[in-house]
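Next comes my_file-v8.cif, with mmCIF, C-alpha atoms.
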```
data_structure
loop_
_atom_site.label_atom_id
_atom_site.label_comp_id
_atom_site.auth_asym_id
_atom_site.auth_seq_id
_atom_site.Cartn_x
_atom_site.Cartn_y
_atom_site.Cartn_z
CA HIS W 1 79.04 109.97 115.20
CA THR W 2 77.79 111.38 111.92
CA VAL W 3 80.62 113.40 110.36
CA GLY W 4 80.63 117.00 109.18
CA CYS W 5 83.29 118.82 107.19
CA VAL W 6 84.41 122.25 106.00
CA ASP W 7 87.36 123.51 103.94
CA VAL W 8 89.38 126.04 105.96
CA PHE W 9 91.61 128.58 104.20
CA SER W 10 94.00 131.31 105.23
CA THR W 11 96.13 133.72 103.23
CA GLU W 12 99.85 134.36 103.47
CA SER W 13 100.61 137.17 105.92
CA ASN W 14 103.16 138.18 108.55
CA GLY W 15 105.34 135.15 107.91
CA LYS W 16 102.42 132.73 108.07
CA LEU W 17 101.93 130.24 105.28
CA PRO W 18 98.65 130.14 103.33
CA LEU W 19 96.77 127.16 104.75
CA LEU W 20 94.17 124.84 103.29
CA TYR W 21 92.77 121.86 105.12
CA ARG W 22 89.56 119.92 105.16
CA LEU W 23 88.34 119.69 108.73
CA TYR W 24 86.29 116.59 109.50
CA TYR W 25 84.44 116.53 112.83
CA PRO W 26 81.66 114.77 114.78
CA THR W 27 78.17 116.25 114.44
CA LYS W 28 74.79 115.46 115.96
CA SER W 29 73.00 115.82 112.63
CA SER W 30 71.72 112.87 110.61
CA PRO W 31 73.48 111.84 107.38
CA ASP W 32 72.31 114.02 104.48
CA THR W 33 73.57 113.00 101.04
CA SER W 34 72.59 116.38 99.60
CA ARG W 35 75.38 117.91 101.73
CA TRP W 36 78.09 115.44 100.73
CA PRO W 37 80.86 117.24 98.82
CA SER W 38 82.39 115.72 95.68
CA TRP W 39 85.59 113.73 96.00
CA LEU W 40 87.13 115.91 93.28
CA PRO W 41 86.60 119.50 94.53
CA HIS W 42 87.53 120.96 91.13
CA PRO W 43 88.43 119.56 87.67
CA ARG W 44 92.00 120.72 88.26
CA TYR W 45 92.47 117.83 90.72
CA ALA W 46 91.54 115.25 88.08
CA ASP W 47 94.11 116.83 85.78
CA GLY W 48 96.76 116.54 88.49
CA TYR W 49 95.94 112.95 89.37
CA SER W 50 95.87 111.82 85.75
CA SER W 51 99.40 113.04 85.12
CA SER W 52 100.80 110.28 87.32
CA THR W 53 98.17 107.92 88.71
CA LEU W 54 96.59 106.39 85.63
CA PRO W 55 98.38 103.50 83.91
CA VAL W 56 99.98 104.54 80.64
CA PRO W 57 98.29 101.86 78.46
CA LEU W 58 94.97 103.67 78.80
CA PHE W 59 96.37 106.57 76.85
CA VAL W 60 97.76 104.73 73.86
CA LEU W 61 94.20 104.24 72.65
CA PRO W 62 93.46 107.64 71.07
CA THR W 63 90.41 106.48 69.13
CA VAL W 64 88.71 105.17 72.27
CA ILE W 65 89.54 108.32 74.22
CA GLU W 66 88.26 110.56 71.43
CA ASN W 67 84.99 108.62 71.29
CA ILE W 68 84.55 109.01 75.06
CA ARG W 69 85.37 112.70 74.82
CA ARG W 70 82.77 113.28 72.12
CA SER W 71 80.12 111.21 73.87
CA LEU W 72 80.46 113.31 77.01
CA PHE W 73 80.66 116.66 75.14
CA TRP W 74 84.00 117.55 76.64
CA ASP W 75 85.63 120.72 75.40
CA SER W 76 88.76 120.49 77.54
CA ASP W 77 92.07 119.64 75.92
CA ASN W 78 93.06 117.67 79.02
CA VAL W 79 91.40 114.41 78.04
CA GLN W 80 93.35 112.46 80.67
CA GLY W 81 91.93 114.54 83.49
CA ARG W 82 88.40 114.25 82.13
CA LEU W 83 88.80 110.51 81.74
CA PHE W 84 90.06 110.23 85.30
CA SER W 85 86.96 112.08 86.55
CA TRP W 86 84.69 109.90 84.40
CA LEU W 87 86.30 106.64 85.56
CA SER W 88 86.11 107.63 89.22
CA GLY W 89 82.47 108.72 89.00
CA ASN W 90 83.53 111.58 91.31
CA PRO W 91 81.55 110.19 94.28
CA GLY W 92 80.30 112.15 97.26
CA ILE W 93 82.27 112.07 100.50
CA PRO W 94 80.04 110.85 103.37
CA ALA W 95 80.34 113.96 105.51
CA ASN W 96 77.70 116.68 105.88
CA GLU W 97 79.40 119.82 104.63
CA GLY W 98 78.72 122.78 106.91
CA ALA W 99 76.88 120.77 109.60
CA THR W 100 76.92 122.03 113.19
CA PRO W 101 79.65 120.33 115.26
CA SER W 102 78.80 118.33 118.37
CA THR W 103 78.80 120.23 121.64
CA GLU W 104 81.45 117.91 123.10
CA LYS W 105 85.16 118.65 122.95
CA PHE W 106 87.25 116.21 120.87
CA PRO W 107 90.99 115.60 120.28
CA VAL W 108 92.84 116.58 117.09
CA ILE W 109 94.52 114.59 114.33
CA ILE W 110 96.47 116.47 111.66
CA PHE W 111 96.87 114.40 108.50
CA SER W 112 99.62 114.91 105.90
CA HIS W 113 99.10 113.51 102.40
CA GLY W 114 101.63 111.79 100.15
CA LEU W 115 103.05 112.93 96.84
CA ILE W 116 100.48 113.60 94.08
CA ALA W 117 97.60 113.55 96.58
CA CYS W 118 95.42 116.26 98.15
CA ARG W 119 93.07 116.96 101.05
CA THR W 120 90.40 114.51 99.79
CA SER W 121 92.64 111.55 98.89
CA TYR W 122 92.11 109.84 102.26
CA SER W 123 88.47 110.77 102.82
CA THR W 124 87.34 107.27 103.83
CA LEU W 125 90.04 106.98 106.49
CA CYS W 126 89.56 110.55 107.73
CA THR W 127 85.76 110.32 107.98
CA ASP W 128 86.02 107.00 109.79
CA MET W 129 88.46 108.48 112.31
CA ALA W 130 86.24 111.55 112.79
CA SER W 131 83.25 109.27 113.41
CA LYS W 132 85.17 107.79 116.36
CA GLY W 133 85.35 111.21 118.03
CA TYR W 134 88.19 113.28 116.55
CA TYR W 135 88.72 116.52 114.69
CA VAL W 136 90.74 115.48 111.63
CA ALA W 137 92.49 118.28 109.71
CA ALA W 138 93.51 116.87 106.32
CA LEU W 139 96.05 119.31 104.93
CA GLU W 140 96.53 120.15 101.28
CA HIS W 141 100.19 120.99 101.29
CA GLY W 142 101.52 124.10 99.56
CA ASP W 143 105.00 122.67 98.94
CA LYS W 144 104.20 121.73 95.31
CA SER W 145 103.90 118.03 96.16
CA ALA W 146 100.10 117.81 95.82
CA CYS W 147 98.33 116.80 92.61
CA ALA W 148 96.99 120.38 92.73
CA ARG W 149 96.87 123.05 95.42
CA MET W 150 94.07 125.62 95.55
CA LEU W 151 94.83 129.16 96.75
CA LEU W 152 92.11 131.66 97.63
CA THR W 153 92.20 135.24 98.86
CA SER W 154 88.54 135.20 99.96
CA PRO W 155 85.57 132.79 99.95
CA ASP W 156 84.25 134.21 96.66
CA ALA W 157 87.54 134.71 94.86
CA GLU W 158 88.57 132.82 91.74
CA PRO W 159 91.10 130.14 92.75
CA GLU W 160 94.75 130.31 91.85
CA TRP W 161 96.74 127.11 91.58
CA LEU W 162 100.07 125.64 92.58
CA ASP W 163 101.08 122.80 90.29
CA ARG W 164 103.22 119.88 91.33
CA GLU W 165 106.97 120.40 90.93
CA VAL W 166 108.32 117.60 88.74
CA LEU W 167 112.01 116.79 88.57
CA PRO W 168 113.63 115.94 85.25
CA ARG W 169 114.07 112.20 84.80
CA GLY W 170 117.17 111.04 86.66
CA ALA W 171 117.67 114.29 88.60
CA PRO W 172 118.60 113.94 92.30
CA GLU W 173 115.74 114.42 94.74
CA ASP W 174 117.69 115.53 97.80
CA GLU W 175 117.26 119.30 97.63
CA LEU W 176 113.62 119.26 96.53
CA ARG W 177 112.45 116.77 99.14
CA GLU W 178 114.28 118.54 101.97
CA ARG W 179 112.78 121.86 100.89
CA GLN W 180 109.31 120.30 100.74
CA LEU W 181 109.73 118.58 104.09
CA GLU W 182 110.79 121.80 105.80
CA TYR W 183 107.76 123.56 104.32
CA ARG W 184 105.47 120.74 105.42
CA THR W 185 106.66 120.73 109.03
CA ARG W 186 106.09 124.49 109.26
CA GLU W 187 102.66 124.01 107.72
CA VAL W 188 101.76 121.24 110.19
CA SER W 189 102.70 123.44 113.16
CA GLN W 190 100.80 126.40 111.76
CA CYS W 191 97.78 124.16 111.14
CA LEU W 192 97.82 123.29 114.84
CA ASP W 193 98.16 127.02 115.60
CA SER W 194 95.10 127.71 113.46
CA LEU W 195 93.04 125.06 115.27
CA THR W 196 94.11 126.68 118.54
CA ASP W 197 92.84 129.99 117.17
CA LEU W 198 89.49 128.47 116.12
CA ASN W 199 89.07 126.89 119.54
CA SER W 200 89.72 130.32 121.11
CA GLY W 201 87.24 132.06 118.80
CA LEU W 202 89.99 133.92 116.90
CA THR W 203 88.66 133.42 113.39
CA GLN W 204 89.51 136.66 111.59
CA GLU W 205 92.52 135.19 109.72
CA TYR W 206 90.59 132.20 108.34
CA PHE W 207 87.57 131.52 106.15
CA ILE W 208 85.46 128.66 104.79
CA ARG W 209 84.90 128.02 101.11
CA TYR W 210 81.76 125.94 100.55
CA SER W 211 81.29 123.72 97.53
CA SER W 212 78.63 124.56 94.98
CA ALA W 213 76.43 121.74 96.36
CA THR W 214 75.97 123.44 99.75
CA ASN W 215 76.88 127.07 99.09
CA THR W 216 73.23 128.18 99.11
CA TYR W 217 72.24 126.44 102.37
CA ASN W 218 71.08 128.87 105.04
CA ASN W 219 72.24 126.71 107.93
CA ASN W 220 75.92 126.43 106.99
CA ILE W 221 78.16 127.12 109.93
CA GLY W 222 80.80 129.80 110.36
CA LEU W 223 84.16 129.19 112.00
CA ASP W 224 82.86 130.56 115.30
CA ALA W 225 80.95 127.25 115.65
CA PHE W 226 84.20 125.55 116.70
CA LYS W 227 84.93 127.81 119.67
CA GLY W 228 85.63 125.75 122.78
CA LYS W 229 85.16 122.40 120.99
CA ILE W 230 88.65 121.46 119.74
CA ASP W 231 90.95 119.82 122.29
CA VAL W 232 94.23 121.17 120.91
CA ASP W 233 96.09 119.91 124.00
CA SER W 234 95.38 116.37 122.74
CA ALA W 235 96.91 116.40 119.27
CA VAL W 236 98.37 113.61 117.11
CA ILE W 237 100.17 113.85 113.76
CA SER W 238 99.73 111.31 110.96
CA GLY W 239 100.43 110.94 107.27
CA HIS W 240 100.99 108.58 104.36
CA SER W 241 104.15 108.06 102.29
CA MET W 242 105.78 111.53 102.12
CA GLY W 243 103.25 112.37 104.83
CA GLY W 244 104.83 109.60 106.90
CA ALA W 245 108.18 111.36 106.61
CA THR W 246 106.38 114.57 107.58
CA THR W 247 105.06 112.76 110.65
CA VAL W 248 108.55 111.63 111.67
CA ARG W 249 110.10 115.09 111.22
CA SER W 250 107.17 116.84 112.93
CA LEU W 251 107.52 114.71 116.06
CA SER W 252 111.09 115.99 116.35
CA LYS W 253 110.15 119.62 115.66
CA GLU W 254 106.76 120.03 117.35
CA SER W 255 106.49 119.02 121.02
CA ARG W 256 102.72 119.61 121.16
CA PHE W 257 102.05 116.29 119.41
CA LYS W 258 101.39 113.46 121.85
CA GLY W 259 101.97 110.77 119.24
CA GLY W 260 102.16 109.93 115.57
CA VAL W 261 101.07 107.33 113.02
CA ALA W 262 103.16 106.99 109.83
CA LEU W 263 101.28 105.04 107.14
CA ASP W 264 103.61 103.23 104.71
CA SER W 265 106.16 105.94 105.29
CA TRP W 266 108.65 106.91 102.60
CA MET W 267 111.84 107.37 104.61
CA PHE W 268 114.15 108.91 101.99
CA PRO W 269 113.39 112.51 103.08
CA VAL W 270 114.35 111.70 106.70
CA ARG W 271 117.23 109.33 105.93
CA LYS W 272 119.68 111.68 107.71
CA ASP W 273 117.38 112.50 110.64
CA GLU W 274 117.85 111.20 114.15
CA ALA W 275 114.91 110.66 116.46
CA GLN W 276 114.70 113.74 118.67
CA PHE W 277 111.61 112.38 120.40
CA ASP W 278 110.49 109.35 122.34
CA LYS W 279 110.32 106.69 119.62
CA SER W 280 107.57 104.86 121.47
CA LYS W 281 105.26 107.78 120.54
CA LEU W 282 105.39 106.73 116.88
CA LEU W 283 103.60 103.87 115.12
CA PHE W 284 104.79 102.76 111.69
CA LEU W 285 101.93 101.07 109.87
CA ASN W 286 103.58 99.54 106.80
CA PHE W 287 102.14 97.94 103.66
CA GLU W 288 104.15 94.85 102.78
CA LYS W 289 104.15 95.09 98.97
CA TRP W 290 105.76 98.52 98.90
CA GLN W 291 108.42 98.47 101.60
CA GLY W 292 111.99 97.77 100.50
CA GLU W 293 115.37 97.13 102.12
CA LYS W 294 116.68 100.71 101.98
CA ASN W 295 113.47 102.18 103.35
CA LEU W 296 113.33 99.67 106.21
CA LYS W 297 117.00 100.27 107.04
CA THR W 298 116.26 103.96 107.63
CA MET W 299 113.12 103.05 109.55
CA SER W 300 115.14 100.81 111.86
CA ARG W 301 116.68 103.91 113.46
CA PHE W 302 113.21 104.88 114.65
CA GLU W 303 112.04 101.43 115.75
CA ALA W 304 111.15 101.08 119.44
CA ASN W 305 110.82 97.96 121.54
CA LEU W 306 107.37 97.83 123.10
CA LYS W 307 105.54 95.69 125.61
CA ILE W 308 101.87 96.09 124.69
CA GLY W 309 100.29 92.69 125.07
CA GLU W 310 101.97 90.56 122.37
CA VAL W 311 103.12 93.65 120.47
CA ASP W 312 106.89 94.06 120.80
CA SER W 313 107.62 96.69 118.13
CA ASN W 314 106.25 100.04 116.97
CA VAL W 315 106.41 98.71 113.39
CA VAL W 316 103.25 96.87 112.24
CA THR W 317 102.96 95.58 108.68
CA LEU W 318 99.79 94.72 106.75
CA LYS W 319 100.46 91.56 104.76
CA ASP W 320 100.06 91.75 100.97
CA ALA W 321 98.95 95.40 101.15
CA ILE W 322 100.05 97.81 98.41
CA HIS W 323 101.02 101.45 98.82
CA TYR W 324 97.48 102.76 98.17
CA ALA W 325 95.90 100.65 100.94
CA CYS W 326 94.94 103.63 103.13
CA THR W 327 93.75 105.86 100.27
CA ASP W 328 90.41 106.18 98.49
CA ILE W 329 91.94 105.15 95.15
CA LEU W 330 91.27 101.41 95.41
CA LEU W 331 87.74 101.94 96.73
CA ILE W 332 86.73 104.38 94.02
CA PHE W 333 88.13 102.45 91.09
CA GLN W 334 87.60 98.86 92.22
CA GLU W 335 84.87 98.15 89.64
CA SER W 336 86.61 99.96 86.80
CA ARG W 337 89.36 99.11 84.34
CA ILE W 338 91.88 101.19 86.26
CA GLY W 339 90.82 99.37 89.44
CA SER W 340 91.77 96.02 87.95
CA TYR W 341 95.21 97.50 87.25
CA PHE W 342 95.71 98.45 90.90
CA LEU W 343 93.96 95.46 92.48
CA SER W 344 95.88 92.94 90.39
CA ARG W 345 98.83 93.73 92.67
CA ALA W 346 96.89 93.51 95.92
CA ARG W 347 94.87 90.99 97.85
CA GLY W 348 91.82 91.48 100.01
CA ASP W 349 88.87 93.83 100.12
CA PRO W 350 90.11 97.45 99.79
CA TYR W 351 87.45 98.69 102.21
CA GLU W 352 88.61 96.17 104.81
CA ARG W 353 92.14 97.46 104.30
CA VAL W 354 91.04 100.99 105.15
CA LEU W 355 89.10 99.73 108.19
CA THR W 356 92.19 97.84 109.36
CA ASN W 357 94.21 101.02 109.08
CA SER W 358 91.53 102.93 110.98
CA GLU W 359 91.27 100.40 113.82
CA LEU W 360 95.02 100.21 114.41
CA PHE W 361 95.31 104.00 113.98
CA SER W 362 92.54 104.68 116.50
CA GLY W 363 93.94 102.19 118.99
CA TRP W 364 97.35 103.88 118.83
CA VAL W 365 95.81 107.33 119.28
CA GLN W 366 94.02 106.10 122.43
CA ARG W 367 97.38 104.95 123.77
CA SER W 368 99.09 108.23 122.82
CA LEU W 369 96.47 110.49 124.36
CA HIS W 370 95.21 108.51 127.32
CA GLY W 371 97.78 105.77 128.00
CA GLU W 372 95.07 103.18 127.28
CA THR W 373 96.42 100.14 125.41
CA GLN W 374 93.36 97.88 125.30
CA ALA W 375 91.94 99.27 122.03
CA PHE W 376 95.28 98.79 120.26
CA ILE W 377 95.71 95.29 121.66
CA GLU W 378 92.19 94.36 120.54
CA ALA W 379 92.75 95.79 117.06
CA CYS W 380 95.96 93.78 116.70
CA GLU W 381 94.25 90.63 117.96
CA LYS W 382 91.29 91.11 115.60
CA ARG W 383 93.61 91.54 112.58
CA LYS W 384 96.37 89.14 113.67
CA LYS W 385 96.09 87.01 110.51
CA ASP W 386 96.67 90.11 108.39
CA ILE W 387 99.63 91.70 110.19
CA PHE W 388 103.08 91.04 111.58
CA PHE W 389 105.29 93.03 113.97
CA GLY W 390 108.82 94.31 113.51
CA LEU W 391 110.82 95.06 110.37
CA GLU W 392 110.89 91.48 109.10
CA LYS W 393 108.45 88.61 108.87
CA SER W 394 109.26 85.97 111.47
#
```

Could you show the structure in this file as structure tokens?
Amino acid sequence: HTVGCVDVFSTESNGKLPLLYRLYYPTKSSPDTSRWPSWLPHPRYADGYSSSTLPVPLFVLPTVIENIRRSLFWDSDNVQGRLFSWLSGNPGIPANEGATPSTEKFPVIIFSHGLIACRTSYSTLCTDMASKGYYVAALEHGDKSACARMLLTSPDAEPEWLDREVLPRGAPEDELRERQLEYRTREVSQCLDSLTDLNSGLTQEYFIRYSSATNTYNNNIGLDAFKGKIDVDSAVISGHSMGGATTVRSLSKESRFKGGVALDSWMFPVRKDEAQFDKSKLLFLNFEKWQGEKNLKTMSRFEANLKIGEVDSNVVTLKDAIHYACTDILLIFQESRIGSYFLSRARGDPYERVLTNSELFSGWVQRSLHGETQAFIEACEKRKKDIFFGLEKS
């Protein structure tokens, strides 16, 4: 399927959290690059990324930075954010913004980002999953964990912003991460509620904000276009890093999810949790270079013994993969100086890494929703040289 997308907003009211998610979905239209939204929806996101993602050595070269700033006629004081945008090239996301959704009804995946990320950080993975026949709602969390969080009161309003909450160096994380995780699990459930509303044609509490590239198109859809097309009874939760912890907690809190996929999950926020769900519903897809002993020890409480072909554990690890292996970061920067910084710690083609994630992810979703294991078995067989099962290499 060709993929479409829209950004869905709601405002805070009657105990409901203000939502923002990018909804990716299958469409019958042909790819149209003029409708592809920018990876950075606003300069504020570059500012947020640059505060933590870029390697420090780039910013001990003030003369070079000043020359770049002058050559590009930048007026902003936030040179790091501008440099981040310049290095990335701010590419278009291959999804037709505002395209009409397919007439068929498709299952739902809700995706939770990691710390210092946002709704577009996993665009390659999310568009690939949507192309396989899913509605993918990529949340931008309002718990002050995102690189930036946009708030709107109406489609034409000036945005307000939530900045990331940063702890002082050495301060304990317990209270902050628990507070953020509780917020995230509420947000995930309310996101599923909102998709239920859209499927029922109850759109009055929600609105779309179109990017400047497509805002003037006459054939942009409204939210009523999704009525009767979202299979909210077939829903899966997924996320990366802190989003992996969100996935684990949400499976305990929200019974509507048929399964979950935790991508290189950071387990600290759920280190005291017990699995209040069938552990065989959850797939841990780990990246070898990042996982450590303490994280895996917590994960062991959620490991399940499986019998799916040769797969005997719900923990699958991608060999030599680093923590960013499911994100767009490696793809966007692979030809740049910052890309050499990231890729020096990883092996393999970053695009192939994302495709591996997508194939295993999709296979697990098929098992969760339909009890079909063949797609997952085939994905594991296809990538068998790149993965191992269980918490330790045999």

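Restricting the calculation to all atoms listed in the file, the smallest distance between Ala275 of chain W and any of W:Arg179, W:Arg249, W:Arg256, W:Arg184 is found for W:Arg249.
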
What are the closest atom pairs, with distances in Å to one decimal, for all residues of segment 191-231 of chain W lying within 12 Å of segment 157-174 of chain W? Consider only C-alpha atoms, order rows by chain and residue number, and present the result as a tab-separated table.
```
residue	atom	partner	partner_atom	distance
W:Phe207	CA	W:Ala157	CA	11.7
W:Ile208	CA	W:Ala157	CA	11.8
W:Arg209	CA	W:Ala157	CA	9.5
W:Tyr210	CA	W:Ala157	CA	11.9
```

Using C-alpha atoms, can you write the selected residues to a file as an mmCIF file, keeping the file's coordinate frame?
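out.cif was written with the following content:
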```cif
data_model
loop_
_atom_site.group_PDB
_atom_site.id
_atom_site.type_symbol
_atom_site.label_atom_id
_atom_site.label_comp_id
_atom_site.auth_asym_id
_atom_site.auth_seq_id
_atom_site.Cartn_x
_atom_site.Cartn_y
_atom_site.Cartn_z
ATOM 1 C CA PHE W 207 87.570 131.520 106.150
ATOM 2 C CA ILE W 208 85.460 128.660 104.790
ATOM 3 C CA ARG W 209 84.900 128.020 101.110
ATOM 4 C CA TYR W 210 81.760 125.940 100.550
#
```

Go through W:Gly260, W:Gly228, W:Gly4, W:Pro41 and flag the residue nearest Ala245 of chain W, using all atoms listed in the file for the distances.
->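 When distances to Ala245 of chain W are compared using all atoms listed in the file, the smallest one comes from W:Gly260.
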
Excluding segment 372-384 of chain W and any residue of its chain fewer than 3 positions from it, enumerate the residues within 7 Å of it, using only C-alpha atoms, and give them as number ranges by chain.
-> W: 308-309, 359-360, 363-364, 366-367, 387

Atom CA of His240 of chain W and atom CA of Ser112 of chain W are how many Å apart?
->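 About the pair atom CA of His240 of chain W and atom CA of Ser112 of chain W: they are 6.7 Å apart.
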
Within 10 Å of Leu282 of chain W, counting only C-alpha atoms, which residues qualify if same-chain residues fewer than 4 places away don't, as a PyMOL selection string?
-> chain W and resi 236-238+247-248+251+258-262+277-278+302-304+314-315+364-365+368

Option closest in space to Asp231 of chain W, from W:Ile329, W:Leu195, W:Leu139, W:Val354 [counting all atoms listed in the file] |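 That would be W:Leu195, the residue with the smallest distance to Asp231 of chain W.
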
Quick one: which residues end up in the PyMOL selection byres ((chain W and resi 137) around 8) for this structure, as a PDB file with C-alpha atoms, in the frame of the given file?
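Result file is result30.pdb:
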```
ATOM      1  CA  TYR W  21      92.770 121.860 105.120  1.00  0.00           C
ATOM      2  CA  ARG W  22      89.560 119.920 105.160  1.00  0.00           C
ATOM      3  CA  LEU W  23      88.340 119.690 108.730  1.00  0.00           C
ATOM      4  CA  TYR W  24      86.290 116.590 109.500  1.00  0.00           C
ATOM      5  CA  VAL W 108      92.840 116.580 117.090  1.00  0.00           C
ATOM      6  CA  ILE W 109      94.520 114.590 114.330  1.00  0.00           C
ATOM      7  CA  ILE W 110      96.470 116.470 111.660  1.00  0.00           C
ATOM      8  CA  PHE W 111      96.870 114.400 108.500  1.00  0.00           C
ATOM      9  CA  TYR W 135      88.720 116.520 114.690  1.00  0.00           C
ATOM     10  CA  VAL W 136      90.740 115.480 111.630  1.00  0.00           C
ATOM     11  CA  ALA W 138      93.510 116.870 106.320  1.00  0.00           C
ATOM     12  CA  LEU W 139      96.050 119.310 104.930  1.00  0.00           C
TER      13      LEU W 139
END
```

Report the distance between atom CA of Ile230 of chain W and atom CA of Thr100 of chain W in Å, rounded to one decimal place.
->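 These atoms are spaced 13.4 Å apart.
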
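Straight-line separation from atom CA of Tyr206 of chain W to atom CA of Gln180 of chain W: 23.4 Å.
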
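Once the PyMOL selection byres ((chain W and resi 126-132) around 8) is applied to the shown structure, the selection contains His1, Thr2, Val3, Tyr24, Tyr25, Pro26, Pro94, Ala95, Tyr122, Ser123, Thr124, Leu125, Gly133, Tyr134, Tyr135, Val136, Ala138, Ser358 and Ser362 of chain W.
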
Pick out the closest residue to Asn96 of chain W from this set: W:Ser121, W:Ser154, W:Asn220, W:Ser200. Count only C-alpha atoms.
->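 Selected residue with least distance to Asn96 of chain W: W:Asn220.
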
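Of the listed residues W:Gly390, W:Gly243, W:Gly201, W:Pro91, the one whose atoms come nearest to Arg119 of chain W is W:Gly243, with distances taken using all atoms listed in the file.
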
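Shell of Ala225 of chain W at 10 Å, with only C-alpha atoms counted and residues fewer than 5 places along the chain excluded, is Ala99, Thr100, Pro101, Ser102, Thr103, Leu198, Asn199 and Gly201 of chain W.
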
Filtering to C-alpha atoms, could you give me those residues as a CSV table (one decimal), in the coordinates of the input?
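As a result, out_26.csv now contains:
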```csv
chain,number,residue,atom,x,y,z
W,99,ALA,CA,76.9,120.8,109.6
W,100,THR,CA,76.9,122.0,113.2
W,101,PRO,CA,79.6,120.3,115.3
W,102,SER,CA,78.8,118.3,118.4
W,103,THR,CA,78.8,120.2,121.6
W,198,LEU,CA,89.5,128.5,116.1
W,199,ASN,CA,89.1,126.9,119.5
W,201,GLY,CA,87.2,132.1,118.8
```
